[in-house]
file input-v2.cif (mmCIF, C-alpha atoms and all ligand atoms)
data_target
loop_
_atom_site.label_atom_id
_atom_site.label_comp_id
_atom_site.auth_asym_id
_atom_site.auth_seq_id
_atom_site.Cartn_x
_atom_site.Cartn_y
_atom_site.Cartn_z
CA MET A 19 19.52 -41.16 -28.77
CA THR A 20 18.26 -39.54 -25.58
CA VAL A 21 18.68 -41.12 -22.18
CA LYS A 22 14.99 -42.04 -22.30
CA GLU A 23 15.23 -43.63 -25.74
CA ASN A 24 18.22 -45.67 -24.61
CA TYR A 25 16.22 -46.73 -21.61
CA GLN A 26 13.26 -47.85 -23.72
CA ALA A 27 15.55 -50.06 -25.82
CA ALA A 28 17.19 -51.50 -22.70
CA LYS A 29 13.81 -52.09 -21.12
CA GLU A 30 12.79 -54.30 -24.06
CA GLN A 31 16.02 -56.28 -23.84
CA TYR A 32 15.56 -56.97 -20.15
CA LYS A 33 11.86 -57.71 -20.65
CA ALA A 34 12.80 -60.50 -23.07
CA ILE A 35 14.50 -62.33 -20.20
CA GLY A 36 11.73 -61.62 -17.73
CA VAL A 37 13.24 -58.60 -15.96
CA ASP A 38 11.09 -55.55 -15.21
CA THR A 39 13.35 -52.49 -15.29
CA ASP A 40 10.68 -50.11 -13.97
CA GLN A 41 10.27 -52.33 -10.93
CA ALA A 42 14.05 -52.50 -10.46
CA ILE A 43 14.19 -48.69 -10.41
CA ARG A 44 11.32 -48.43 -7.94
CA THR A 45 13.02 -50.91 -5.62
CA LEU A 46 16.46 -49.31 -5.83
CA LYS A 47 15.04 -45.87 -5.06
CA ASN A 48 14.03 -47.09 -1.61
CA ILE A 49 17.21 -48.91 -0.58
CA ARG A 50 18.98 -46.68 1.90
CA VAL A 51 22.75 -46.72 1.65
CA SER A 52 24.43 -45.21 4.68
CA MET A 53 27.20 -42.76 3.81
CA HIS A 54 30.04 -42.57 6.31
CA CYS A 55 30.98 -39.03 7.31
CA TRP A 56 34.62 -39.99 7.89
CA GLN A 57 35.66 -40.04 4.21
CA GLY A 58 35.39 -36.23 4.27
CA ASP A 59 38.06 -35.53 6.88
CA ASP A 60 40.33 -38.61 6.85
CA VAL A 61 38.70 -39.99 10.04
CA MET A 62 39.97 -37.10 12.16
CA GLY A 63 36.74 -36.08 13.92
CA PHE A 64 36.26 -32.91 15.95
CA ASP A 65 36.82 -33.92 19.55
CA GLN A 66 40.59 -34.21 19.69
CA ASP A 67 43.73 -33.16 17.81
CA GLY A 68 45.76 -36.35 18.01
CA PRO A 69 46.58 -38.71 15.17
CA LEU A 70 44.30 -41.43 13.82
CA SER A 71 44.91 -44.56 15.89
CA GLY A 72 43.39 -48.03 16.25
CA GLY A 73 45.39 -49.74 13.54
CA ILE A 74 43.61 -48.00 10.68
CA GLN A 75 45.23 -45.55 8.31
CA THR A 76 44.45 -42.92 5.73
CA THR A 77 47.16 -42.28 3.18
CA GLY A 78 47.48 -39.24 0.95
CA ASN A 79 47.31 -35.53 1.40
CA TYR A 80 44.90 -34.33 -1.27
CA PRO A 81 43.97 -30.70 -0.59
CA GLY A 82 40.57 -29.76 0.77
CA ARG A 83 40.07 -31.96 3.82
CA ALA A 84 37.05 -30.81 5.85
CA ARG A 85 38.34 -29.30 9.10
CA THR A 86 35.15 -28.13 10.77
CA PRO A 87 31.56 -29.37 11.08
CA GLU A 88 30.46 -26.65 8.67
CA GLU A 89 32.98 -27.74 6.04
CA LEU A 90 32.11 -31.39 6.47
CA MET A 91 28.38 -30.69 6.18
CA ALA A 92 28.95 -28.59 3.05
CA ASP A 93 31.00 -31.40 1.49
CA ILE A 94 28.38 -34.00 2.34
CA ASP A 95 25.75 -31.72 0.78
CA GLN A 96 27.78 -31.46 -2.38
CA THR A 97 28.07 -35.25 -2.54
CA LEU A 98 24.39 -35.88 -1.84
CA LYS A 99 23.52 -33.76 -4.90
CA LEU A 100 25.43 -36.22 -7.06
CA VAL A 101 24.05 -39.46 -5.68
CA PRO A 102 20.56 -40.75 -6.55
CA GLY A 103 18.17 -42.63 -4.28
CA SER A 104 17.72 -42.91 -0.52
CA LYS A 105 20.63 -42.15 1.72
CA LYS A 106 21.49 -42.23 5.39
CA LEU A 107 24.32 -40.51 7.24
CA ASN A 108 26.76 -42.52 9.33
CA LEU A 109 28.50 -40.62 12.14
CA HIS A 110 31.20 -41.51 14.61
CA ALA A 111 31.06 -40.22 18.19
CA SER A 112 34.24 -38.26 17.54
CA TYR A 113 32.14 -35.94 15.34
CA ALA A 114 30.40 -34.41 18.37
CA ILE A 115 29.94 -30.66 17.99
CA PHE A 116 30.72 -28.63 21.09
CA ASP A 117 29.86 -25.02 21.82
CA GLU A 118 32.67 -22.49 21.80
CA GLY A 119 34.95 -23.24 24.78
CA GLU A 120 33.01 -26.38 25.76
CA PHE A 121 34.53 -29.85 25.87
CA CYS A 122 33.09 -33.16 27.03
CA ASP A 123 35.08 -36.33 27.09
CA ARG A 124 33.65 -39.32 25.29
CA ASP A 125 32.22 -40.96 28.40
CA VAL A 126 29.92 -38.02 29.07
CA ILE A 127 28.83 -36.94 25.60
CA GLU A 128 25.12 -36.32 25.27
CA PRO A 129 22.48 -35.99 22.57
CA LYS A 130 22.86 -32.21 22.69
CA HIS A 131 26.35 -32.55 21.22
CA PHE A 132 24.77 -33.97 18.08
CA LYS A 133 21.86 -31.54 17.82
CA LYS A 134 23.36 -29.82 14.78
CA TRP A 135 23.74 -33.18 13.02
CA VAL A 136 20.10 -33.97 13.77
CA GLU A 137 18.98 -30.63 12.35
CA TYR A 138 21.13 -31.26 9.31
CA ALA A 139 19.73 -34.78 8.80
CA LYS A 140 16.12 -33.77 9.31
CA GLU A 141 16.34 -30.96 6.76
CA ARG A 142 17.56 -33.52 4.21
CA ASN A 143 15.31 -36.44 5.18
CA LEU A 144 18.33 -38.50 6.19
CA GLY A 145 18.36 -41.07 8.95
CA ILE A 146 21.48 -41.28 11.09
CA ASP A 147 23.60 -44.31 11.96
CA PHE A 148 26.17 -44.08 14.72
CA ASN A 149 29.44 -45.51 16.01
CA PRO A 150 31.08 -45.15 19.39
CA THR A 151 34.70 -44.15 18.73
CA PHE A 152 37.07 -46.48 20.56
CA PHE A 153 40.23 -45.06 18.93
CA SER A 154 42.09 -41.76 18.42
CA HIS A 155 41.93 -40.88 22.11
CA PRO A 156 44.53 -40.78 24.92
CA LYS A 157 42.64 -43.53 26.77
CA ALA A 158 42.73 -45.78 23.69
CA GLU A 159 46.50 -45.91 23.40
CA GLN A 160 46.57 -49.57 24.38
CA PHE A 161 43.23 -51.21 25.07
CA THR A 162 39.64 -50.06 25.48
CA LEU A 163 36.86 -52.51 26.36
CA THR A 164 39.44 -55.26 27.00
CA SER A 165 41.65 -53.18 29.26
CA THR A 166 42.97 -54.65 32.50
CA ASP A 167 42.90 -51.10 33.88
CA GLU A 168 39.41 -50.96 35.33
CA ASP A 169 39.24 -47.15 35.15
CA ILE A 170 39.98 -47.23 31.45
CA ARG A 171 37.58 -50.09 30.79
CA GLN A 172 34.80 -48.33 32.68
CA PHE A 173 35.50 -45.11 30.76
CA TRP A 174 34.86 -46.95 27.49
CA ILE A 175 31.83 -48.78 28.87
CA ARG A 176 30.34 -45.39 29.76
CA HIS A 177 31.18 -44.24 26.24
CA GLY A 178 29.27 -47.18 24.75
CA GLN A 179 26.30 -46.46 26.98
CA ALA A 180 26.37 -42.75 26.11
CA CYS A 181 26.32 -43.71 22.45
CA ILE A 182 23.25 -45.90 22.89
CA ARG A 183 21.42 -42.92 24.39
CA ILE A 184 22.57 -40.73 21.50
CA SER A 185 21.51 -43.39 18.99
CA GLN A 186 18.02 -43.50 20.45
CA TYR A 187 17.86 -39.71 20.23
CA PHE A 188 18.80 -39.95 16.54
CA ALA A 189 16.09 -42.54 15.91
CA GLU A 190 13.44 -40.56 17.75
CA GLU A 191 14.32 -37.28 16.08
CA THR A 192 14.66 -38.57 12.52
CA GLY A 193 11.91 -41.20 12.70
CA GLN A 194 14.30 -43.77 11.26
CA PRO A 195 16.03 -46.56 13.18
CA CYS A 196 19.66 -45.98 14.07
CA VAL A 197 22.26 -48.68 13.50
CA MET A 198 24.84 -48.32 16.28
CA ASN A 199 27.96 -50.22 15.43
CA ILE A 200 30.54 -51.26 18.00
CA TRP A 201 34.05 -51.85 16.74
CA ILE A 202 37.11 -51.90 18.98
CA PRO A 203 40.68 -52.09 17.73
CA ASP A 204 41.99 -53.96 20.80
CA GLY A 205 44.60 -56.52 19.87
CA LEU A 206 48.25 -57.51 20.02
CA LYS A 207 51.19 -57.12 17.71
CA ASP A 208 52.80 -60.35 18.79
CA VAL A 209 51.92 -63.79 20.05
CA PRO A 210 49.58 -63.52 23.06
CA ALA A 211 50.07 -65.38 26.30
CA ASP A 212 46.38 -65.09 27.05
CA ARG A 213 43.79 -65.02 24.31
CA MET A 214 40.86 -65.68 26.61
CA GLY A 215 41.32 -62.87 29.14
CA PRO A 216 40.84 -59.90 26.78
CA ARG A 217 37.87 -61.61 25.15
CA ALA A 218 36.28 -62.33 28.52
CA ARG A 219 36.70 -58.66 29.48
CA PHE A 220 35.29 -57.59 26.11
CA LYS A 221 32.27 -59.84 26.67
CA ASP A 222 31.68 -58.39 30.11
CA SER A 223 32.11 -54.83 28.81
CA LEU A 224 29.54 -55.43 26.09
CA ASP A 225 27.15 -56.91 28.66
CA GLN A 226 27.52 -53.75 30.73
CA ILE A 227 27.04 -51.46 27.74
CA LEU A 228 23.90 -53.31 26.68
CA SER A 229 22.52 -53.45 30.23
CA ILE A 230 21.10 -49.94 30.01
CA PRO A 231 17.49 -49.71 28.84
CA TYR A 232 16.97 -48.79 25.20
CA ASP A 233 14.34 -49.34 22.54
CA THR A 234 15.47 -52.21 20.34
CA THR A 235 12.94 -51.24 17.68
CA LYS A 236 14.72 -47.90 17.32
CA VAL A 237 18.36 -48.75 17.96
CA TYR A 238 19.95 -51.73 16.25
CA VAL A 239 23.24 -52.41 18.01
CA THR A 240 25.72 -54.18 15.75
CA LEU A 241 29.11 -55.71 16.50
CA GLU A 242 31.86 -55.58 13.88
CA SER A 243 34.61 -58.19 13.71
CA LYS A 244 38.15 -57.76 12.45
CA VAL A 245 40.93 -60.20 11.78
CA PHE A 246 43.88 -57.83 12.26
CA GLY A 247 44.94 -54.19 12.30
CA ILE A 248 48.22 -52.37 11.93
CA GLY A 249 50.09 -53.12 15.15
CA MET A 250 47.53 -55.82 16.01
CA GLU A 251 48.73 -58.40 13.52
CA SER A 252 48.74 -61.44 15.81
CA TYR A 253 45.49 -61.12 17.70
CA THR A 254 42.30 -59.10 17.80
CA ALA A 255 39.85 -59.59 20.64
CA GLY A 256 36.85 -58.92 18.37
CA SER A 257 37.45 -61.80 16.00
CA ALA A 258 34.76 -63.16 13.66
CA GLU A 259 33.92 -66.01 16.02
CA PHE A 260 33.71 -63.71 19.04
CA THR A 261 31.40 -61.18 17.41
CA MET A 262 29.23 -63.74 15.64
CA ASN A 263 28.62 -65.71 18.83
CA TYR A 264 28.14 -62.64 20.98
CA ALA A 265 25.62 -61.17 18.55
CA ALA A 266 23.71 -64.44 18.22
CA LYS A 267 23.48 -64.98 21.97
CA ASN A 268 22.66 -61.42 22.98
CA GLY A 269 20.06 -60.30 20.48
CA ILE A 270 22.23 -57.80 18.66
CA LEU A 271 23.29 -57.82 15.00
CA PRO A 272 26.58 -58.96 13.47
CA LEU A 273 28.31 -56.47 11.19
CA MET A 274 30.61 -57.74 8.47
CA ASP A 275 33.15 -55.39 6.92
CA ASN A 276 34.49 -56.93 3.73
CA GLY A 277 37.98 -55.62 4.55
CA HIS A 278 38.09 -57.55 7.81
CA TYR A 279 38.75 -61.10 6.68
CA HIS A 280 41.58 -63.12 5.25
CA PRO A 281 42.21 -62.05 1.64
CA THR A 282 40.65 -65.13 0.06
CA GLU A 283 37.50 -64.97 2.18
CA VAL A 284 34.55 -63.08 0.73
CA VAL A 285 31.67 -61.51 2.61
CA SER A 286 29.33 -62.26 -0.29
CA ASP A 287 29.61 -65.94 0.61
CA LYS A 288 28.90 -65.27 4.28
CA ILE A 289 25.67 -63.29 3.87
CA SER A 290 23.36 -66.27 3.24
CA SER A 291 24.67 -68.15 6.26
CA MET A 292 24.21 -65.15 8.49
CA LEU A 293 20.70 -64.50 7.18
CA LEU A 294 19.67 -68.02 8.14
CA PHE A 295 20.44 -67.26 11.78
CA HIS A 296 19.68 -63.54 12.13
CA ASP A 297 16.60 -61.46 11.30
CA LYS A 298 18.85 -58.60 10.30
CA ILE A 299 22.53 -58.12 9.63
CA ALA A 300 24.71 -55.12 8.80
CA LEU A 301 27.53 -54.57 6.33
CA HIS A 302 30.43 -52.20 5.89
CA VAL A 303 31.14 -52.25 2.20
CA THR A 304 34.70 -51.29 1.40
CA ARG A 305 37.54 -52.38 -0.92
CA PRO A 306 40.52 -54.06 0.63
CA VAL A 307 43.60 -54.00 -1.60
CA ARG A 308 45.98 -56.63 -0.17
CA TRP A 309 44.93 -55.60 3.37
CA ASP A 310 42.13 -53.66 5.07
CA SER A 311 43.17 -50.63 3.06
CA ASP A 312 39.71 -49.02 2.86
CA HIS A 313 39.92 -48.09 -0.81
CA VAL A 314 36.91 -46.51 -2.50
CA VAL A 315 34.18 -49.02 -3.43
CA LEU A 316 34.30 -49.88 -7.13
CA PHE A 317 31.77 -51.60 -9.38
CA ASP A 318 33.83 -54.74 -9.00
CA ASP A 319 33.00 -58.42 -8.76
CA GLU A 320 32.75 -58.62 -4.98
CA THR A 321 30.56 -55.52 -4.67
CA LYS A 322 28.24 -56.96 -7.33
CA GLU A 323 28.24 -60.34 -5.59
CA ILE A 324 27.37 -58.73 -2.23
CA ALA A 325 24.51 -56.85 -3.88
CA LYS A 326 23.27 -60.03 -5.57
CA GLU A 327 23.17 -61.86 -2.24
CA ILE A 328 21.07 -59.08 -0.71
CA VAL A 329 18.64 -58.93 -3.63
CA ARG A 330 18.21 -62.57 -4.58
CA ASN A 331 17.68 -63.66 -0.98
CA ASN A 332 14.90 -61.05 -0.65
CA ALA A 333 16.92 -59.49 2.12
CA ILE A 334 16.69 -55.81 1.17
CA ASP A 335 14.85 -55.08 4.44
CA ARG A 336 17.15 -57.31 6.45
CA VAL A 337 20.56 -55.95 5.53
CA PHE A 338 21.76 -52.53 6.64
CA ILE A 339 24.23 -51.31 4.03
CA GLY A 340 26.88 -48.86 5.14
CA LEU A 341 30.04 -47.81 3.36
CA ASP A 342 33.42 -47.66 5.05
CA PHE A 343 36.40 -46.33 3.15
CA PHE A 344 38.71 -43.36 3.46
CA ASP A 345 41.02 -42.27 0.70
CA ALA A 346 42.97 -39.07 1.29
CA SER A 347 44.90 -39.29 -1.97
CA ILE A 348 42.05 -38.13 -4.23
CA ASN A 349 39.29 -35.56 -4.15
CA ARG A 350 37.21 -36.70 -1.19
CA ILE A 351 33.88 -35.73 -2.70
CA ALA A 352 34.70 -37.75 -5.80
CA ALA A 353 35.66 -40.66 -3.52
CA TRP A 354 32.29 -40.56 -1.77
CA THR A 355 30.40 -40.15 -5.04
CA VAL A 356 32.18 -43.01 -6.79
CA GLY A 357 31.64 -45.30 -3.81
CA MET A 358 27.98 -44.42 -3.28
CA ARG A 359 27.07 -44.60 -6.95
CA ASN A 360 28.90 -47.91 -7.30
CA MET A 361 27.09 -49.49 -4.37
CA GLN A 362 23.79 -48.44 -5.91
CA LYS A 363 24.89 -49.52 -9.39
CA ALA A 364 25.74 -52.95 -7.96
CA LEU A 365 22.29 -53.15 -6.39
CA MET A 366 20.75 -52.19 -9.72
CA TYR A 367 22.83 -54.86 -11.46
CA ALA A 368 21.44 -57.41 -9.00
CA LEU A 369 17.88 -56.14 -9.44
CA LEU A 370 18.23 -56.46 -13.22
CA SER A 371 19.25 -60.08 -13.01
CA PRO A 372 16.71 -62.85 -13.80
CA ASN A 373 17.29 -64.27 -10.33
CA GLU A 374 14.48 -66.82 -10.22
CA HIS A 375 15.43 -68.18 -13.62
CA LEU A 376 19.09 -68.48 -12.62
CA LYS A 377 18.19 -70.23 -9.38
CA GLY A 378 16.02 -72.65 -11.36
CA LEU A 379 18.98 -73.48 -13.59
CA GLN A 380 21.12 -74.24 -10.55
CA ASP A 381 18.40 -76.30 -8.86
CA SER A 382 17.87 -78.39 -11.97
CA GLY A 383 21.61 -78.93 -12.33
CA ASN A 384 21.83 -77.00 -15.57
CA MET A 385 25.21 -75.47 -14.79
CA THR A 386 26.17 -74.94 -18.43
CA GLU A 387 23.22 -72.68 -19.14
CA LEU A 388 23.69 -71.01 -15.76
CA MET A 389 27.25 -70.06 -16.62
CA MET A 390 26.23 -68.89 -20.08
CA GLN A 391 23.37 -66.72 -18.77
CA GLN A 392 25.34 -65.23 -15.89
CA GLU A 393 28.11 -64.27 -18.29
CA GLU A 394 25.68 -62.78 -20.84
CA MET A 395 24.13 -60.64 -18.10
CA LYS A 396 27.44 -58.83 -17.75
CA THR A 397 26.97 -57.07 -21.09
CA TYR A 398 23.26 -56.29 -20.82
CA PRO A 399 22.59 -52.53 -20.97
CA LEU A 400 22.75 -51.76 -17.27
CA GLY A 401 24.23 -48.34 -18.11
CA ALA A 402 21.12 -47.26 -19.99
CA VAL A 403 18.90 -48.10 -17.01
CA TRP A 404 21.32 -46.47 -14.58
CA ASP A 405 21.47 -43.27 -16.66
CA TYR A 406 17.69 -43.09 -16.83
CA TYR A 407 17.46 -43.63 -13.08
CA CYS A 408 19.94 -40.80 -12.46
CA GLU A 409 18.00 -38.51 -14.79
CA GLN A 410 14.73 -39.36 -13.04
CA GLU A 411 16.35 -38.67 -9.68
CA GLY A 412 17.63 -35.28 -10.84
CA VAL A 413 21.31 -36.12 -10.41
CA PRO A 414 23.95 -35.85 -13.14
CA VAL A 415 24.01 -38.59 -15.75
CA ARG A 416 27.19 -40.59 -16.41
CA GLU A 417 30.44 -38.67 -15.82
CA ASP A 418 28.69 -35.27 -15.80
CA TRP A 419 28.84 -35.28 -12.01
CA PHE A 420 32.58 -34.82 -12.17
CA ASN A 421 32.22 -31.30 -13.64
CA GLU A 422 30.44 -30.31 -10.44
CA VAL A 423 33.18 -31.82 -8.31
CA GLN A 424 35.81 -29.92 -10.28
CA LYS A 425 33.91 -26.68 -9.87
CA TYR A 426 33.51 -27.30 -6.12
CA GLU A 427 37.20 -28.07 -5.84
CA LYS A 428 38.08 -24.82 -7.59
CA ASP A 429 35.57 -22.65 -5.70
CA VAL A 430 35.66 -24.24 -2.26
CA LEU A 431 38.17 -27.00 -1.54
CA SER A 432 41.24 -25.32 -3.02
CA ARG A 433 40.64 -22.28 -0.78
CA ARG A 434 40.87 -24.26 2.46
C1 LIG B 501 36.46 -45.82 10.94
C2 LIG B 501 36.56 -47.30 10.92
O1 LIG B 501 36.75 -47.77 9.64
C3 LIG B 501 35.39 -48.02 11.42
O2 LIG B 501 34.94 -47.52 12.63
C4 LIG B 501 35.47 -49.52 11.57
O3 LIG B 501 34.25 -49.88 11.04
C5 LIG B 501 36.54 -50.28 10.83
O4 LIG B 501 36.26 -50.81 9.81
C6 LIG B 501 37.92 -50.40 11.36
O5 LIG B 501 38.75 -51.11 10.51
MN MN B 502 34.22 -51.06 9.13
#
call {"tool": "encode", "arguments": {"input": "input-v2.cif", "output": "structure tokens", "more": "lines below"}}
Ligand SMILES: C[C@H](O)[C@H](O)[C@@H](O)C(=O)CO
Ligand SMILES: [Mn+2]
result
Amino acid sequence: MTVKENYQAAKEQYKAIGVDTDQAIRTLKNIRVSMHCWQGDDVMGFDQDGPLSGGIQTTGNYPGRARTPEELMADIDQTLKLVPGSKKLNLHASYAIFDEGEFCDRDVIEPKHFKKWVEYAKERNLGIDFNPTFFSHPKAEQFTLTSTDEDIRQFWIRHGQACIRISQYFAEETGQPCVMNIWIPDGLKDVPADRMGPRARFKDSLDQILSIPYDTTKVYVTLESKVFGIGMESYTAGSAEFTMNYAAKNGILPLMDNGHYHPTEVVSDKISSMLLFHDKIALHVTRPVRWDSDHVVLFDDETKEIAKEIVRNNAIDRVFIGLDFFDASINRIAAWTVGMRNMQKALMYALLSPNEHLKGLQDSGNMTELMMQQEEMKTYPLGAVWDYYCEQEGVPVREDWFNEVQKYEKDVLSRR
């Protein structure tokens, strides 16, 4: 049977339970998933040579890490060829590109240092999301926006402001809004004597960053929480409560990273609550294995559940979906491809669910049929619809994409 014939059979099966597969494909095609540039180079960036800091870690030493902007762009290109649908590029400030012999510290970076990224994005019809980088820098050895050293705190405030200006430049150049996410690692290894002070300074720093004029229809500033980091096990200033309240009170968006909570908490259960109080929210989809390990996103239960919450709450236009993982132990292009395709597959799974019918079963208290139907959905022919979608999008079907990764590894990555 051809991919199309398989699709026709699947289409009939879904139709019998009231699901329109053609519509699901049309919807999925327009959901932009933001691909993080930092999977390609183990979060090293181009503006400094020091180690990765901030309580995050890449493990592994698989050959082929991108070492220059040109290599990273080539690797992203290779990945984009293997991923269907609409995509966006997510950059960190540490990926600024300087001219030969030029260097600008993070507090004085300008749009011109991202001109090459803008050209790259425009040629590929990609929007750009952005992140100030409050780690991997000599001035981030201890604290950034919570620092008691006013010079250091002001340095990072200027960095945040510079990034807002760069974000607006991205939005204006690409014609797509830019999500600018603020995450700081600031925290303490051991029991604090003062939990309030750092948070008060963080609050004031954010107020100062956001005090500069910017177009809120073009730049969506988000604030990401985190429960702990390596070396910040006892306390993080940017806790869930801090970021949620700050975002709600100051007209910015909360960002939830599903690696940033206690292990039994799930972001899928938080989305509906957040949507009731915010017009828009943002996500970092990742896979925490026992801790915020940033493993590649799989087609697993939580990813599917996150996708279901976005789809069945009609929140596709209200949730910015970005990925955030970095695995240096496997081929990095395969890592990106698996993660991107799985996020989209999860969205397709959600779109192919008879959501109104299932909700009706819950509302009428018919929990037996609800369980039965939700379980049966797991073996409906999602794969046939996914394959057809990939074929329509001109990207490899099923595992065929891996041949291209192997060829690229042989021809390009292994020569680095
Ligand atoms: C690179 C980081 O993962 C990112 O900036 C931040 O979103 C994070 O999740 C830190 O744990
Ligand atoms: Mn994150």
call {"tool": "atom_distance", "arguments": {"input": "input-v2.cif", "atom1": "atom CA of A:Ile94", "atom2": "atom CA of A:Pro414"}}
result
16.2 Å
call {"tool": "residues_near_ligand", "arguments": {"input": "input-v2.cif", "ligand": "ligand MN 502 (chain B)", "cutoff": "7 Å", "atoms": "all atoms listed in the file", "output": "JSON, numbers by chain"}}
result
{"A": [242, 275, 302, 342]}
call {"tool": "residues_near_ligand", "arguments": {"input": "input-v2.cif", "ligand": "ligand LIG 501 (chain B)", "cutoff": "10 Å", "atoms": "all atoms listed in the file", "output": "PyMOL selection string"}}
result
chain A and resi 54-57+60-62+70-76+109-111+148-153+199-203+241-248+273-278+301-304+310-312+340-344
call {"tool": "write_last_selection", "arguments": {"input": "input-v2.cif", "atoms": "C-alpha atoms", "output": "short mmCIF file (atom, residue, chain, number, x, y, z; two decimals), keeping the file's coordinate frame"}}
result
data_model
loop_
_atom_site.label_atom_id
_atom_site.label_comp_id
_atom_site.auth_asym_id
_atom_site.auth_seq_id
_atom_site.Cartn_x
_atom_site.Cartn_y
_atom_site.Cartn_z
CA HIS A 54 30.04 -42.57 6.31
CA CYS A 55 30.98 -39.03 7.31
CA TRP A 56 34.62 -39.99 7.89
CA GLN A 57 35.66 -40.04 4.21
CA ASP A 60 40.33 -38.61 6.85
CA VAL A 61 38.70 -39.99 10.04
CA MET A 62 39.97 -37.10 12.16
CA LEU A 70 44.30 -41.43 13.82
CA SER A 71 44.91 -44.56 15.89
CA GLY A 72 43.39 -48.03 16.25
CA GLY A 73 45.39 -49.74 13.54
CA ILE A 74 43.61 -48.00 10.68
CA GLN A 75 45.23 -45.55 8.31
CA THR A 76 44.45 -42.92 5.73
CA LEU A 109 28.50 -40.62 12.14
CA HIS A 110 31.20 -41.51 14.61
CA ALA A 111 31.06 -40.22 18.19
CA PHE A 148 26.17 -44.08 14.72
CA ASN A 149 29.44 -45.51 16.01
CA PRO A 150 31.08 -45.15 19.39
CA THR A 151 34.70 -44.15 18.73
CA PHE A 152 37.07 -46.48 20.56
CA PHE A 153 40.23 -45.06 18.93
CA ASN A 199 27.96 -50.22 15.43
CA ILE A 200 30.54 -51.26 18.00
CA TRP A 201 34.05 -51.85 16.74
CA ILE A 202 37.11 -51.90 18.98
CA PRO A 203 40.68 -52.09 17.73
CA LEU A 241 29.11 -55.71 16.50
CA GLU A 242 31.86 -55.58 13.88
CA SER A 243 34.61 -58.19 13.71
CA LYS A 244 38.15 -57.76 12.45
CA VAL A 245 40.93 -60.20 11.78
CA PHE A 246 43.88 -57.83 12.26
CA GLY A 247 44.94 -54.19 12.30
CA ILE A 248 48.22 -52.37 11.93
CA LEU A 273 28.31 -56.47 11.19
CA MET A 274 30.61 -57.74 8.47
CA ASP A 275 33.15 -55.39 6.92
CA ASN A 276 34.49 -56.93 3.73
CA GLY A 277 37.98 -55.62 4.55
CA HIS A 278 38.09 -57.55 7.81
CA LEU A 301 27.53 -54.57 6.33
CA HIS A 302 30.43 -52.20 5.89
CA VAL A 303 31.14 -52.25 2.20
CA THR A 304 34.70 -51.29 1.40
CA ASP A 310 42.13 -53.66 5.07
CA SER A 311 43.17 -50.63 3.06
CA ASP A 312 39.71 -49.02 2.86
CA GLY A 340 26.88 -48.86 5.14
CA LEU A 341 30.04 -47.81 3.36
CA ASP A 342 33.42 -47.66 5.05
CA PHE A 343 36.40 -46.33 3.15
CA PHE A 344 38.71 -43.36 3.46
#
call {"tool": "residues_around", "arguments": {"input": "input-v2.cif", "residues": "A:Ala114", "least_positions_apart": "2", "cutoff": "8 Å", "atoms": "all atoms listed in the file", "output": "ChimeraX atom specification"}}
result
/A:63-65,111-112,116,127,131-132
call {"tool": "residues_around", "arguments": {"input": "input-v2.cif", "residues": "A:Met395", "least_positions_apart": "2", "cutoff": "9 Å", "atoms": "only C-alpha atoms", "output": "PyMOL selection string"}}
result
chain A and resi 367+370-372+390-393+397-399
call {"tool": "closest_residue", "arguments": {"input": "input-v2.cif", "among": "A:Arg434, A:Arg183, A:Arg330, A:Lys221", "to": "A:Met366", "atoms": "only C-alpha atoms"}}
result
A:Arg330
call {"tool": "atom_distance", "arguments": {"input": "input-v2.cif", "atom1": "atom CA of A:Ser347", "atom2": "atom CA of A:Asn108"}}
result
21.6 Å
call {"tool": "build_atoms", "arguments": {"input": "input-v2.cif", "residues": "stretch 77-85 of chain A", "atoms": "N, CA and C atoms", "output": "short mmCIF file (atom, residue, chain, number, x, y, z; two decimals), in the coordinates of the input"}}
result
data_model
loop_
_atom_site.label_atom_id
_atom_site.label_comp_id
_atom_site.auth_asym_id
_atom_site.auth_seq_id
_atom_site.Cartn_x
_atom_site.Cartn_y
_atom_site.Cartn_z
N THR A 77 45.93 -42.72 3.83
CA THR A 77 47.16 -42.28 3.18
C THR A 77 46.80 -41.25 2.12
N GLY A 78 47.72 -40.29 1.94
CA GLY A 78 47.48 -39.24 0.95
C GLY A 78 47.27 -37.92 1.63
N ASN A 79 47.45 -36.87 0.84
CA ASN A 79 47.31 -35.53 1.40
C ASN A 79 46.64 -34.62 0.37
N TYR A 80 45.59 -35.13 -0.25
CA TYR A 80 44.90 -34.33 -1.27
C TYR A 80 44.32 -33.07 -0.61
N PRO A 81 44.47 -31.92 -1.24
CA PRO A 81 43.97 -30.70 -0.59
C PRO A 81 42.46 -30.72 -0.39
N GLY A 82 42.02 -29.98 0.63
CA GLY A 82 40.57 -29.76 0.77
C GLY A 82 39.90 -30.56 1.87
N ARG A 83 40.68 -31.20 2.72
CA ARG A 83 40.07 -31.96 3.82
C ARG A 83 39.13 -31.07 4.64
N ALA A 84 37.97 -31.59 5.01
CA ALA A 84 37.05 -30.81 5.85
C ALA A 84 37.65 -30.71 7.25
N ARG A 85 37.71 -29.47 7.79
CA ARG A 85 38.34 -29.30 9.10
C ARG A 85 37.35 -28.92 10.19
#
